[in-house]
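model-v4.txt (compact mmCIF, C-alpha atoms) appears below.
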# COMPACT_ATOMS: atom_id res chain seq x y z
CA MET A 43 0.00 0.00 0.00
CA SER A 44 1.38 3.43 -0.94
CA ARG A 45 1.99 5.98 1.78
CA PRO A 46 -0.46 8.87 2.09
CA THR A 47 0.79 12.21 0.82
CA MET A 48 0.44 15.85 1.82
CA ARG A 49 0.82 19.27 0.27
CA ALA A 50 3.86 21.27 1.38
CA MET A 51 5.65 24.47 0.36
CA VAL A 52 9.34 23.59 -0.10
CA PHE A 53 12.42 25.83 -0.02
CA GLU A 54 15.02 24.65 -2.56
CA GLY A 55 17.55 27.48 -2.64
CA ALA A 56 18.21 31.08 -1.62
CA GLY A 57 16.39 33.61 -3.76
CA LEU A 58 14.06 31.00 -5.28
CA PRO A 59 10.31 30.98 -4.64
CA LEU A 60 8.90 28.18 -2.53
CA HIS A 61 7.40 25.37 -4.59
CA LEU A 62 4.20 23.50 -3.80
CA ARG A 63 5.06 19.79 -3.65
CA ARG A 64 3.23 16.62 -2.77
CA LEU A 65 5.30 14.65 -0.27
CA PRO A 66 4.79 11.54 1.88
CA VAL A 67 3.12 12.25 5.22
CA PRO A 68 5.95 11.99 7.82
CA GLU A 69 6.03 9.31 10.48
CA PRO A 70 6.70 10.34 14.10
CA GLY A 71 9.79 8.80 15.68
CA PRO A 72 10.30 8.02 19.37
CA GLY A 73 9.24 10.97 21.52
CA GLU A 74 7.70 12.79 18.57
CA LEU A 75 4.22 13.96 17.59
CA ARG A 76 2.72 14.05 14.13
CA ILE A 77 0.58 17.15 13.92
CA ALA A 78 -2.21 17.90 11.46
CA VAL A 79 -1.37 21.55 10.84
CA ALA A 80 -4.25 24.03 11.01
CA ALA A 81 -2.26 27.27 10.84
CA CYS A 82 1.35 28.40 10.63
CA GLY A 83 2.61 31.91 11.16
CA VAL A 84 4.91 33.57 8.62
CA CYS A 85 7.87 35.04 10.47
CA ARG A 86 10.68 37.37 9.43
CA THR A 87 13.05 34.51 10.27
CA ASP A 88 11.40 32.52 7.44
CA LEU A 89 12.14 35.46 5.18
CA HIS A 90 15.80 35.50 6.26
CA ILE A 91 16.01 31.79 5.36
CA VAL A 92 14.36 32.23 1.96
CA ASP A 93 16.50 35.27 1.14
CA GLY A 94 19.72 33.49 2.13
CA ASP A 95 20.57 35.61 5.18
CA LEU A 96 20.49 32.47 7.36
CA ARG A 97 22.67 29.83 5.79
CA HIS A 98 22.82 26.04 6.02
CA PRO A 99 19.12 25.10 6.26
CA LYS A 100 18.33 21.43 5.77
CA PRO A 101 18.00 20.44 2.10
CA ALA A 102 14.51 20.61 0.57
CA LEU A 103 13.29 22.44 3.67
CA ILE A 104 9.65 22.94 4.65
CA PRO A 105 9.78 26.34 6.46
CA GLY A 106 7.55 27.57 9.27
CA HIS A 107 7.94 27.58 13.05
CA GLU A 108 4.71 29.05 14.41
CA ILE A 109 2.71 25.85 14.06
CA VAL A 110 -0.76 25.23 15.47
CA GLY A 111 -2.55 21.94 14.95
CA ARG A 112 -3.96 18.75 16.42
CA VAL A 113 -1.96 15.70 17.43
CA ASP A 114 -2.55 13.13 14.70
CA ALA A 115 -0.22 10.38 15.96
CA CYS A 116 2.25 9.82 18.79
CA GLY A 117 5.64 8.17 18.50
CA ALA A 118 6.91 5.58 20.94
CA GLY A 119 7.33 6.79 24.50
CA VAL A 120 5.08 9.87 24.26
CA THR A 121 2.95 10.19 27.40
CA ALA A 122 2.39 13.96 27.72
CA PHE A 123 0.02 14.28 24.73
CA THR A 124 -2.75 12.23 23.16
CA PRO A 125 -4.24 12.26 19.65
CA GLY A 126 -6.74 15.08 19.16
CA GLU A 127 -5.09 17.56 21.53
CA ARG A 128 -4.25 21.00 20.16
CA VAL A 129 -0.57 21.92 20.38
CA GLY A 130 1.81 24.65 19.28
CA VAL A 131 5.35 24.20 17.96
CA PRO A 132 7.95 27.01 18.30
CA TRP A 133 11.34 27.81 16.73
CA LEU A 134 13.44 25.78 19.20
CA GLY A 135 12.60 22.25 18.14
CA HIS A 136 15.10 20.27 20.21
CA ALA A 137 17.98 20.78 22.64
CA CYS A 138 20.57 18.17 23.56
CA GLY A 139 20.07 18.44 27.33
CA ALA A 140 23.73 17.60 27.98
CA CYS A 141 25.91 20.54 26.91
CA ARG A 142 27.09 23.16 29.39
CA TYR A 143 24.36 25.57 28.31
CA CYS A 144 21.53 23.07 28.73
CA LEU A 145 22.93 22.04 32.12
CA ARG A 146 22.81 25.71 33.17
CA HIS A 147 19.13 26.00 32.13
CA ARG A 148 20.10 27.99 29.02
CA GLU A 149 18.81 25.60 26.37
CA ASN A 150 18.30 28.55 24.01
CA LEU A 151 22.11 28.50 23.62
CA CYS A 152 22.34 24.70 23.21
CA SER A 153 25.44 23.51 21.33
CA ALA A 154 23.49 20.92 19.31
CA PRO A 155 20.00 22.33 18.76
CA LEU A 156 17.39 21.70 16.11
CA PHE A 157 15.25 24.57 14.84
CA THR A 158 11.75 24.12 13.46
CA GLY A 159 11.49 25.22 9.85
CA TYR A 160 15.27 25.59 9.52
CA THR A 161 17.22 22.47 10.49
CA ARG A 162 14.10 20.30 10.69
CA ASP A 163 10.95 20.57 8.59
CA GLY A 164 8.33 23.00 9.75
CA GLY A 165 4.70 23.90 9.29
CA TYR A 166 4.23 25.19 5.73
CA ALA A 167 2.57 21.82 5.13
CA GLU A 168 -0.52 19.80 5.97
CA TYR A 169 1.41 17.67 8.49
CA ALA A 170 4.50 18.24 10.61
CA VAL A 171 6.54 16.15 13.05
CA ALA A 172 7.85 17.70 16.27
CA ASP A 173 9.67 16.69 19.44
CA SER A 174 6.86 16.37 22.00
CA ALA A 175 9.10 17.83 24.74
CA PHE A 176 9.20 21.12 22.83
CA CYS A 177 5.46 21.46 22.11
CA PHE A 178 3.05 23.61 24.10
CA ARG A 179 -0.62 23.47 24.94
CA LEU A 180 -2.27 26.68 23.82
CA PRO A 181 -4.81 28.88 25.63
CA PRO A 182 -8.26 27.83 24.38
CA ALA A 183 -9.46 31.42 24.00
CA TYR A 184 -7.31 31.84 20.85
CA ASP A 185 -8.43 30.18 17.65
CA ASP A 186 -5.81 28.52 15.46
CA GLU A 187 -5.09 31.56 13.29
CA HIS A 188 -4.73 33.93 16.21
CA ALA A 189 -2.72 31.51 18.36
CA ALA A 190 0.00 31.05 15.72
CA PRO A 191 1.80 34.40 16.28
CA LEU A 192 2.20 33.60 19.97
CA LEU A 193 4.70 30.88 19.05
CA CYS A 194 7.46 33.18 17.81
CA ALA A 195 6.38 36.81 17.61
CA GLY A 196 4.93 36.47 21.10
CA LEU A 197 7.72 34.31 22.52
CA ILE A 198 10.64 36.34 21.20
CA GLY A 199 8.85 39.57 22.07
CA TYR A 200 8.28 38.33 25.61
CA ARG A 201 11.91 37.22 26.05
CA THR A 202 13.16 40.54 24.65
CA LEU A 203 10.96 42.48 27.06
CA ARG A 204 11.99 40.29 29.99
CA MET A 205 15.65 40.98 29.27
CA ALA A 206 14.92 44.71 29.44
CA GLY A 207 14.17 44.42 33.17
CA ALA A 208 11.24 44.45 35.53
CA ALA A 209 8.41 46.94 35.03
CA ASN A 210 9.38 48.97 38.10
CA HIS A 211 12.87 49.58 36.65
CA ALA A 212 12.14 49.73 32.90
CA ARG A 213 8.95 51.75 32.69
CA ARG A 214 9.57 53.69 29.47
CA ILE A 215 10.08 51.22 26.61
CA GLY A 216 11.00 52.15 23.06
CA ILE A 217 10.17 49.62 20.33
CA TYR A 218 11.95 49.89 16.98
CA GLY A 219 10.24 48.10 14.11
CA PHE A 220 6.53 47.63 14.66
CA GLY A 221 5.35 44.32 13.28
CA ALA A 222 4.21 40.95 14.60
CA ALA A 223 6.44 40.81 17.69
CA ALA A 224 6.04 44.48 18.58
CA HIS A 225 2.24 44.52 18.50
CA LEU A 226 2.14 41.65 21.01
CA VAL A 227 4.92 42.82 23.30
CA THR A 228 3.29 46.26 23.49
CA GLN A 229 0.17 44.70 24.97
CA ILE A 230 2.24 42.69 27.44
CA ALA A 231 4.25 45.78 28.41
CA VAL A 232 1.36 48.17 28.98
CA ALA A 233 -0.65 45.71 31.12
CA PRO A 234 1.42 46.49 34.28
CA GLY A 235 1.53 50.20 33.44
CA ARG A 236 4.63 50.66 31.31
CA GLU A 237 4.79 53.38 28.65
CA VAL A 238 5.57 52.24 25.09
CA TYR A 239 7.06 54.50 22.43
CA ALA A 240 6.89 52.98 18.93
CA PHE A 241 9.41 53.82 16.21
CA THR A 242 8.57 52.83 12.62
CA ARG A 243 9.80 53.49 9.12
CA ALA A 244 9.21 57.11 8.14
CA GLY A 245 5.69 57.48 6.78
CA ASP A 246 4.50 54.05 7.88
CA THR A 247 1.16 55.26 9.18
CA ARG A 248 -0.35 51.76 9.26
CA ALA A 249 2.29 50.54 11.71
CA GLN A 250 1.91 53.69 13.78
CA GLN A 251 -1.85 53.25 13.90
CA LEU A 252 -1.38 49.63 15.01
CA ALA A 253 0.97 50.83 17.74
CA TYR A 254 -1.68 53.16 19.12
CA GLN A 255 -4.35 50.46 18.85
CA THR A 256 -2.25 48.07 20.93
CA GLY A 257 -1.48 50.58 23.68
CA ALA A 258 1.51 52.73 22.70
CA CYS A 259 1.43 56.26 24.08
CA TRP A 260 3.49 57.64 21.18
CA ALA A 261 4.32 56.47 17.65
CA GLY A 262 6.51 58.10 15.03
CA SER A 263 9.43 57.78 12.64
CA SER A 264 12.62 56.05 13.80
CA GLU A 265 14.43 59.07 12.36
CA LEU A 266 13.04 61.18 15.21
CA GLN A 267 14.59 61.53 18.64
CA SER A 268 12.58 59.86 21.37
CA PRO A 269 10.19 62.35 23.00
CA VAL A 270 11.38 61.14 26.43
CA PRO A 271 14.53 59.45 27.75
CA LEU A 272 13.89 55.70 27.59
CA ASP A 273 14.70 53.08 30.21
CA ALA A 274 14.97 50.37 27.56
CA ALA A 275 14.85 49.96 23.80
CA LEU A 276 13.73 46.78 22.02
CA ILE A 277 14.85 46.44 18.39
CA PHE A 278 12.88 44.10 16.13
CA ALA A 279 13.71 45.68 12.77
CA PRO A 280 16.76 43.99 11.14
CA VAL A 281 18.53 47.34 10.73
CA GLY A 282 21.94 47.71 12.36
CA ALA A 283 21.81 51.51 12.15
CA LEU A 284 19.06 51.47 14.79
CA ILE A 285 21.52 50.33 17.48
CA PRO A 286 23.40 53.65 17.88
CA LYS A 287 20.09 55.47 17.44
CA ALA A 288 18.50 53.49 20.27
CA LEU A 289 21.56 53.95 22.50
CA ARG A 290 21.16 57.69 22.07
CA ASP A 291 17.48 57.41 23.02
CA VAL A 292 18.01 55.45 26.25
CA ASP A 293 18.83 57.19 29.50
CA LYS A 294 21.88 56.56 31.67
CA GLY A 295 21.94 52.95 32.83
CA GLY A 296 19.45 51.98 30.13
CA ILE A 297 19.52 48.86 27.96
CA VAL A 298 19.11 48.14 24.26
CA VAL A 299 17.94 44.59 23.46
CA CYS A 300 18.14 43.28 19.89
CA GLY A 301 15.33 40.79 19.38
CA GLY A 302 16.01 39.58 15.84
CA ILE A 303 18.02 36.60 14.60
CA HIS A 304 19.64 38.60 11.78
CA MET A 305 20.56 42.26 11.41
CA SER A 306 22.47 44.35 8.89
CA ASP A 307 25.92 45.55 9.94
CA VAL A 308 26.12 47.97 12.84
CA PRO A 309 27.75 51.25 11.76
CA SER A 310 30.69 52.77 13.58
CA MET A 311 29.59 54.80 16.58
CA PRO A 312 31.29 56.95 19.20
CA TYR A 313 31.88 55.39 22.59
CA GLN A 314 29.92 58.28 24.11
CA VAL A 315 26.58 56.71 23.10
CA LEU A 316 27.40 53.57 25.10
CA TRP A 317 29.01 55.30 28.07
CA GLU A 318 27.20 55.99 31.38
CA GLU A 319 26.53 52.28 31.91
CA ARG A 320 24.24 51.76 28.96
CA HIS A 321 23.91 48.10 28.04
CA LEU A 322 23.63 46.39 24.65
CA CYS A 323 22.62 42.74 24.27
CA SER A 324 20.86 40.31 21.94
CA VAL A 325 18.21 37.65 22.30
CA ALA A 326 18.97 34.15 21.03
CA ASN A 327 16.07 31.77 20.49
CA LEU A 328 13.89 30.86 23.49
CA THR A 329 13.52 28.37 26.30
CA ARG A 330 10.58 26.17 27.19
CA THR A 331 10.28 28.21 30.39
CA ASP A 332 9.67 31.29 28.21
CA GLY A 333 6.95 29.39 26.39
CA LEU A 334 5.15 28.32 29.54
CA ALA A 335 5.38 31.85 30.98
CA LEU A 336 3.98 33.44 27.81
CA MET A 337 1.09 30.98 27.58
CA ASP A 338 0.24 31.83 31.19
CA ILE A 339 0.31 35.56 30.38
CA ALA A 340 -1.86 35.00 27.29
CA GLU A 341 -4.32 33.05 29.44
CA ARG A 342 -4.57 35.79 32.10
CA THR A 343 -4.20 38.87 29.87
CA PRO A 344 -6.10 38.44 26.60
CA LEU A 345 -3.83 39.54 23.75
CA VAL A 346 -5.29 40.75 20.47
CA THR A 347 -3.29 39.20 17.65
CA HIS A 348 -3.73 41.16 14.44
CA THR A 349 -3.42 38.64 11.61
CA ILE A 350 -3.65 38.52 7.82
CA ALA A 351 -4.58 35.04 6.56
CA TYR A 352 -3.27 33.39 3.38
CA PRO A 353 -3.90 29.89 1.98
CA LEU A 354 -0.92 27.53 1.97
CA GLU A 355 -0.34 27.98 -1.77
CA GLN A 356 0.15 31.73 -1.27
CA ALA A 357 3.10 31.43 1.10
CA ASN A 358 5.28 33.29 -1.42
CA ALA A 359 2.82 36.19 -1.47
CA ALA A 360 2.84 36.33 2.34
CA LEU A 361 6.65 36.42 2.36
CA ALA A 362 6.67 39.14 -0.29
CA ASP A 363 4.21 41.26 1.68
CA LEU A 364 6.41 40.86 4.75
CA ARG A 365 9.55 41.73 2.80
CA GLU A 366 7.95 44.90 1.42
CA SER A 367 6.45 45.94 4.79
CA ARG A 368 2.90 45.72 3.46
CA LEU A 369 1.61 44.01 6.61
CA ALA A 370 0.15 45.57 9.74
CA GLY A 371 0.30 42.60 12.08
CA ALA A 372 1.23 38.97 11.47
CA ALA A 373 0.79 36.86 8.34
CA VAL A 374 -0.63 33.37 8.95
CA LEU A 375 -1.05 30.47 6.54
CA LYS A 376 -4.40 28.71 6.99
CA ILE A 377 -3.98 25.01 6.28
CA SER A 378 -6.56 22.24 6.09
CA PRO A 379 -5.22 18.67 5.64
Show this structure as structure tokens.
Amino acid sequence: MSRPTMRAMVFEGAGLPLHLRRLPVPEPGPGELRIAVAACGVCRTDLHIVDGDLRHPKPALIPGHEIVGRVDACGAGVTAFTPGERVGVPWLGHACGACRYCLRHRENLCSAPLFTGYTRDGGYAEYAVADSAFCFRLPPAYDDEHAAPLLCAGLIGYRTLRMAGAANHARRIGIYGFGAAAHLVTQIAVAPGREVYAFTRAGDTRAQQLAYQTGACWAGSSELQSPVPLDAALIFAPVGALIPKALRDVDKGGIVVCGGIHMSDVPSMPYQVLWEERHLCSVANLTRTDGLALMDIAERTPLVTHTIAYPLEQANAALADLRESRLAGAAVLKISP
């Protein structure tokens, strides 16, 4: 008997469009889940893979790491999930558990990781296989489409904000690049009373409007000086020139956190912009603890995820709209096996 097949969008080389292929439905190995994918978010990291900014993806890759679906089958040894349960799959798809980073509870820096939609196949397909230890149960209040952005935009946004410091120390937050991550982290930040200042491309009124809708107290061009000294700056746009700009906007003792996985080169800058104990750091991936914490926040503080839905076959159009900054919110592929 021939194996059942599925539709999948496949990446076959940098700069090439994804191609719709019909592939065998994957079998879950020990400790793995096979998931019938209902929705998969389209992330800027996917765009960096497709455009060749992130090198060495697995051959014939199925992208996508904001996966929402139902457990279709369980591999040997899986006890935490049962068929029919709804789960989410994030970017960090596996950590070795044995390297010095994993042993220090820093699995986001694991020396032998696997990444969903990069070094293992992801969710631009009707079915996906994932390590059950790195899957999350999702808050039931969010439907599949609106849960998908939580799994990367929400998670990386949350980790970036957490690295900026507690609300009582980092009350004035600047956000540079207002897309999927920013519109979620703004809602998380303002809930305990922080002030959010949103910096967008010059003239991007849609992003500025979204910033106000999600709770920002000010929104304007990233070419402008911040209207107030900031305690922290979160950079989501992949633009290295924003680092010295943000350092100039933060007050003494402030912090600039770079939340993206890829950024253009940082220009030369005078030491003066870093002096007075300003800090500069980056976020790398996520931990399962981050995931559990965000799902708890999303359960207690309803987050409005602004999404734009595309069918699976239009994944290239979604990536193009993201590349050209035509989105106000998060793109999501709607998939029905």
Residues at most 8 Å from range 105-120 of chain A, counting all atoms listed in the file, excluding those fewer than 4 positions away in the same chain, as a count of residues only? 46
Nearest to Ala283 in chain A by atom-to-atom distance, counting only C-alpha atoms, from A:Ser268, A:Thr121, A:Ser310, A:Thr87: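 Of all the options, A:Ser310 lies closest to Ala283 in chain A.
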Between A:Ala167, A:Ala122, A:Val308, A:Val238, which is the closest to Leu60 in chain A once you count only C-alpha atoms?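 Answer, going by the shortest atom-to-atom distance: A:Ala167.
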Can you pull out the residues contacting Thr343 in chain A? Cut-off 8 Å, using all atoms listed in the file, and skip same-chain residues under 4 positions away; I want them as a list of chain:residue names. A:Ile230, A:Ala233, A:Ile339
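Among the candidates A:Ala172, A:Pro155, A:Leu180, A:Ala288, the residue lying nearest to Ile215 in chain A is A:Ala288 (atoms considered: all atoms listed in the file).
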My list of candidates is A:Ala222, A:Leu89, A:Ala362, A:Ala183. Which is closest to Gly196 in chain A when distances are computed with only C-alpha atoms? A:Ala222
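For the choices A:Lys294, A:Ser263, A:Val232, A:His188, the atom-to-atom distance to Ala373 in chain A is smallest for A:His188 when using only C-alpha atoms.
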Atom-to-atom span, CA of Ala137 in chain A and CA of Asp173 in chain A, Å: 9.8 Å
Excluding same-chain residues fewer than 4 positions from Val315 in chain A, what lies within 10 Å of it counting only C-alpha atoms, as a list in words?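 Using only C-alpha atoms, the neighbours found are Ile285, Pro286, Lys287, Ala288, Leu289, Arg290, Asp291, Val292, Lys294, Met311, Glu319 and Arg320 of chain A.
Nearest to Asp273 in chain A of all the residues A:Leu336, A:Ala206, A:Ala372, A:Ala253 is A:Ala206, counting only C-alpha atoms.
Going from CA of Val67 in chain A over to CA of Val171 in chain A, you cover 9.4 Å.
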Mind writing range 210-329 of chain A to a file for me, with C-alpha atoms, as a PDB file, in the first residue's frame?
ATOM      1  CA  ASN A 210       9.381  48.972  38.101  1.00  0.00           C
ATOM      2  CA  HIS A 211      12.873  49.583  36.652  1.00  0.00           C
ATOM      3  CA  ALA A 212      12.143  49.730  32.904  1.00  0.00           C
ATOM      4  CA  ARG A 213       8.947  51.751  32.690  1.00  0.00           C
ATOM      5  CA  ARG A 214       9.573  53.686  29.474  1.00  0.00           C
ATOM      6  CA  ILE A 215      10.077  51.216  26.609  1.00  0.00           C
ATOM      7  CA  GLY A 216      11.004  52.152  23.058  1.00  0.00           C
ATOM      8  CA  ILE A 217      10.170  49.615  20.333  1.00  0.00           C
ATOM      9  CA  TYR A 218      11.954  49.894  16.984  1.00  0.00           C
ATOM     10  CA  GLY A 219      10.242  48.099  14.107  1.00  0.00           C
ATOM     11  CA  PHE A 220       6.534  47.628  14.662  1.00  0.00           C
ATOM     12  CA  GLY A 221       5.351  44.321  13.275  1.00  0.00           C
ATOM     13  CA  ALA A 222       4.206  40.954  14.598  1.00  0.00           C
ATOM     14  CA  ALA A 223       6.442  40.808  17.693  1.00  0.00           C
ATOM     15  CA  ALA A 224       6.038  44.477  18.580  1.00  0.00           C
ATOM     16  CA  HIS A 225       2.243  44.522  18.498  1.00  0.00           C
ATOM     17  CA  LEU A 226       2.141  41.649  21.010  1.00  0.00           C
ATOM     18  CA  VAL A 227       4.925  42.819  23.299  1.00  0.00           C
ATOM     19  CA  THR A 228       3.295  46.262  23.485  1.00  0.00           C
ATOM     20  CA  GLN A 229       0.167  44.702  24.968  1.00  0.00           C
ATOM     21  CA  ILE A 230       2.236  42.694  27.444  1.00  0.00           C
ATOM     22  CA  ALA A 231       4.247  45.776  28.415  1.00  0.00           C
ATOM     23  CA  VAL A 232       1.356  48.172  28.977  1.00  0.00           C
ATOM     24  CA  ALA A 233      -0.649  45.712  31.124  1.00  0.00           C
ATOM     25  CA  PRO A 234       1.416  46.490  34.277  1.00  0.00           C
ATOM     26  CA  GLY A 235       1.525  50.201  33.441  1.00  0.00           C
ATOM     27  CA  ARG A 236       4.631  50.665  31.306  1.00  0.00           C
ATOM     28  CA  GLU A 237       4.794  53.381  28.645  1.00  0.00           C
ATOM     29  CA  VAL A 238       5.569  52.240  25.092  1.00  0.00           C
ATOM     30  CA  TYR A 239       7.059  54.501  22.428  1.00  0.00           C
ATOM     31  CA  ALA A 240       6.887  52.985  18.925  1.00  0.00           C
ATOM     32  CA  PHE A 241       9.412  53.824  16.207  1.00  0.00           C
ATOM     33  CA  THR A 242       8.574  52.830  12.617  1.00  0.00           C
ATOM     34  CA  ARG A 243       9.799  53.493   9.120  1.00  0.00           C
ATOM     35  CA  ALA A 244       9.214  57.110   8.138  1.00  0.00           C
ATOM     36  CA  GLY A 245       5.690  57.481   6.780  1.00  0.00           C
ATOM     37  CA  ASP A 246       4.496  54.046   7.881  1.00  0.00           C
ATOM     38  CA  THR A 247       1.165  55.265   9.181  1.00  0.00           C
ATOM     39  CA  ARG A 248      -0.348  51.759   9.257  1.00  0.00           C
ATOM     40  CA  ALA A 249       2.289  50.545  11.707  1.00  0.00           C
ATOM     41  CA  GLN A 250       1.914  53.694  13.782  1.00  0.00           C
ATOM     42  CA  GLN A 251      -1.853  53.246  13.902  1.00  0.00           C
ATOM     43  CA  LEU A 252      -1.382  49.627  15.006  1.00  0.00           C
ATOM     44  CA  ALA A 253       0.971  50.833  17.739  1.00  0.00           C
ATOM     45  CA  TYR A 254      -1.678  53.160  19.120  1.00  0.00           C
ATOM     46  CA  GLN A 255      -4.346  50.463  18.852  1.00  0.00           C
ATOM     47  CA  THR A 256      -2.247  48.070  20.928  1.00  0.00           C
ATOM     48  CA  GLY A 257      -1.479  50.581  23.678  1.00  0.00           C
ATOM     49  CA  ALA A 258       1.510  52.733  22.701  1.00  0.00           C
ATOM     50  CA  CYS A 259       1.427  56.262  24.085  1.00  0.00           C
ATOM     51  CA  TRP A 260       3.488  57.643  21.176  1.00  0.00           C
ATOM     52  CA  ALA A 261       4.319  56.475  17.648  1.00  0.00           C
ATOM     53  CA  GLY A 262       6.512  58.100  15.027  1.00  0.00           C
ATOM     54  CA  SER A 263       9.429  57.777  12.641  1.00  0.00           C
ATOM     55  CA  SER A 264      12.616  56.049  13.800  1.00  0.00           C
ATOM     56  CA  GLU A 265      14.430  59.074  12.361  1.00  0.00           C
ATOM     57  CA  LEU A 266      13.038  61.184  15.210  1.00  0.00           C
ATOM     58  CA  GLN A 267      14.591  61.527  18.638  1.00  0.00           C
ATOM     59  CA  SER A 268      12.581  59.864  21.373  1.00  0.00           C
ATOM     60  CA  PRO A 269      10.188  62.351  23.002  1.00  0.00           C
ATOM     61  CA  VAL A 270      11.380  61.140  26.429  1.00  0.00           C
ATOM     62  CA  PRO A 271      14.534  59.450  27.745  1.00  0.00           C
ATOM     63  CA  LEU A 272      13.886  55.701  27.593  1.00  0.00           C
ATOM     64  CA  ASP A 273      14.704  53.084  30.207  1.00  0.00           C
ATOM     65  CA  ALA A 274      14.974  50.366  27.561  1.00  0.00           C
ATOM     66  CA  ALA A 275      14.847  49.961  23.798  1.00  0.00           C
ATOM     67  CA  LEU A 276      13.727  46.780  22.016  1.00  0.00           C
ATOM     68  CA  ILE A 277      14.847  46.441  18.393  1.00  0.00           C
ATOM     69  CA  PHE A 278      12.882  44.098  16.134  1.00  0.00           C
ATOM     70  CA  ALA A 279      13.713  45.675  12.767  1.00  0.00           C
ATOM     71  CA  PRO A 280      16.763  43.987  11.144  1.00  0.00           C
ATOM     72  CA  VAL A 281      18.527  47.336  10.734  1.00  0.00           C
ATOM     73  CA  GLY A 282      21.945  47.712  12.362  1.00  0.00           C
ATOM     74  CA  ALA A 283      21.812  51.515  12.153  1.00  0.00           C
ATOM     75  CA  LEU A 284      19.063  51.466  14.787  1.00  0.00           C
ATOM     76  CA  ILE A 285      21.519  50.326  17.482  1.00  0.00           C
ATOM     77  CA  PRO A 286      23.398  53.648  17.879  1.00  0.00           C
ATOM     78  CA  LYS A 287      20.087  55.472  17.436  1.00  0.00           C
ATOM     79  CA  ALA A 288      18.500  53.495  20.272  1.00  0.00           C
ATOM     80  CA  LEU A 289      21.557  53.947  22.497  1.00  0.00           C
ATOM     81  CA  ARG A 290      21.160  57.692  22.068  1.00  0.00           C
ATOM     82  CA  ASP A 291      17.484  57.411  23.022  1.00  0.00           C
ATOM     83  CA  VAL A 292      18.008  55.446  26.255  1.00  0.00           C
ATOM     84  CA  ASP A 293      18.834  57.191  29.497  1.00  0.00           C
ATOM     85  CA  LYS A 294      21.883  56.565  31.665  1.00  0.00           C
ATOM     86  CA  GLY A 295      21.942  52.952  32.833  1.00  0.00           C
ATOM     87  CA  GLY A 296      19.448  51.983  30.126  1.00  0.00           C
ATOM     88  CA  ILE A 297      19.515  48.860  27.963  1.00  0.00           C
ATOM     89  CA  VAL A 298      19.108  48.136  24.255  1.00  0.00           C
ATOM     90  CA  VAL A 299      17.939  44.593  23.456  1.00  0.00           C
ATOM     91  CA  CYS A 300      18.140  43.278  19.886  1.00  0.00           C
ATOM     92  CA  GLY A 301      15.332  40.790  19.382  1.00  0.00           C
ATOM     93  CA  GLY A 302      16.013  39.577  15.836  1.00  0.00           C
ATOM     94  CA  ILE A 303      18.018  36.596  14.603  1.00  0.00           C
ATOM     95  CA  HIS A 304      19.642  38.599  11.784  1.00  0.00           C
ATOM     96  CA  MET A 305      20.562  42.260  11.405  1.00  0.00           C
ATOM     97  CA  SER A 306      22.471  44.348   8.894  1.00  0.00           C
ATOM     98  CA  ASP A 307      25.923  45.553   9.938  1.00  0.00           C
ATOM     99  CA  VAL A 308      26.124  47.967  12.836  1.00  0.00           C
ATOM    100  CA  PRO A 309      27.750  51.247  11.759  1.00  0.00           C
ATOM    101  CA  SER A 310      30.693  52.774  13.578  1.00  0.00           C
ATOM    102  CA  MET A 311      29.585  54.804  16.575  1.00  0.00           C
ATOM    103  CA  PRO A 312      31.286  56.950  19.202  1.00  0.00           C
ATOM    104  CA  TYR A 313      31.880  55.390  22.595  1.00  0.00           C
ATOM    105  CA  GLN A 314      29.916  58.279  24.113  1.00  0.00           C
ATOM    106  CA  VAL A 315      26.583  56.714  23.097  1.00  0.00           C
ATOM    107  CA  LEU A 316      27.397  53.570  25.099  1.00  0.00           C
ATOM    108  CA  TRP A 317      29.011  55.304  28.069  1.00  0.00           C
ATOM    109  CA  GLU A 318      27.202  55.993  31.380  1.00  0.00           C
ATOM    110  CA  GLU A 319      26.531  52.285  31.909  1.00  0.00           C
ATOM    111  CA  ARG A 320      24.243  51.760  28.962  1.00  0.00           C
ATOM    112  CA  HIS A 321      23.913  48.096  28.037  1.00  0.00           C
ATOM    113  CA  LEU A 322      23.632  46.391  24.652  1.00  0.00           C
ATOM    114  CA  CYS A 323      22.621  42.737  24.269  1.00  0.00           C
ATOM    115  CA  SER A 324      20.861  40.305  21.939  1.00  0.00           C
ATOM    116  CA  VAL A 325      18.206  37.648  22.304  1.00  0.00           C
ATOM    117  CA  ALA A 326      18.974  34.152  21.034  1.00  0.00           C
ATOM    118  CA  ASN A 327      16.073  31.767  20.491  1.00  0.00           C
ATOM    119  CA  LEU A 328      13.885  30.861  23.494  1.00  0.00           C
ATOM    120  CA  THR A 329      13.515  28.372  26.300  1.00  0.00           C
TER     121      THR A 329
END
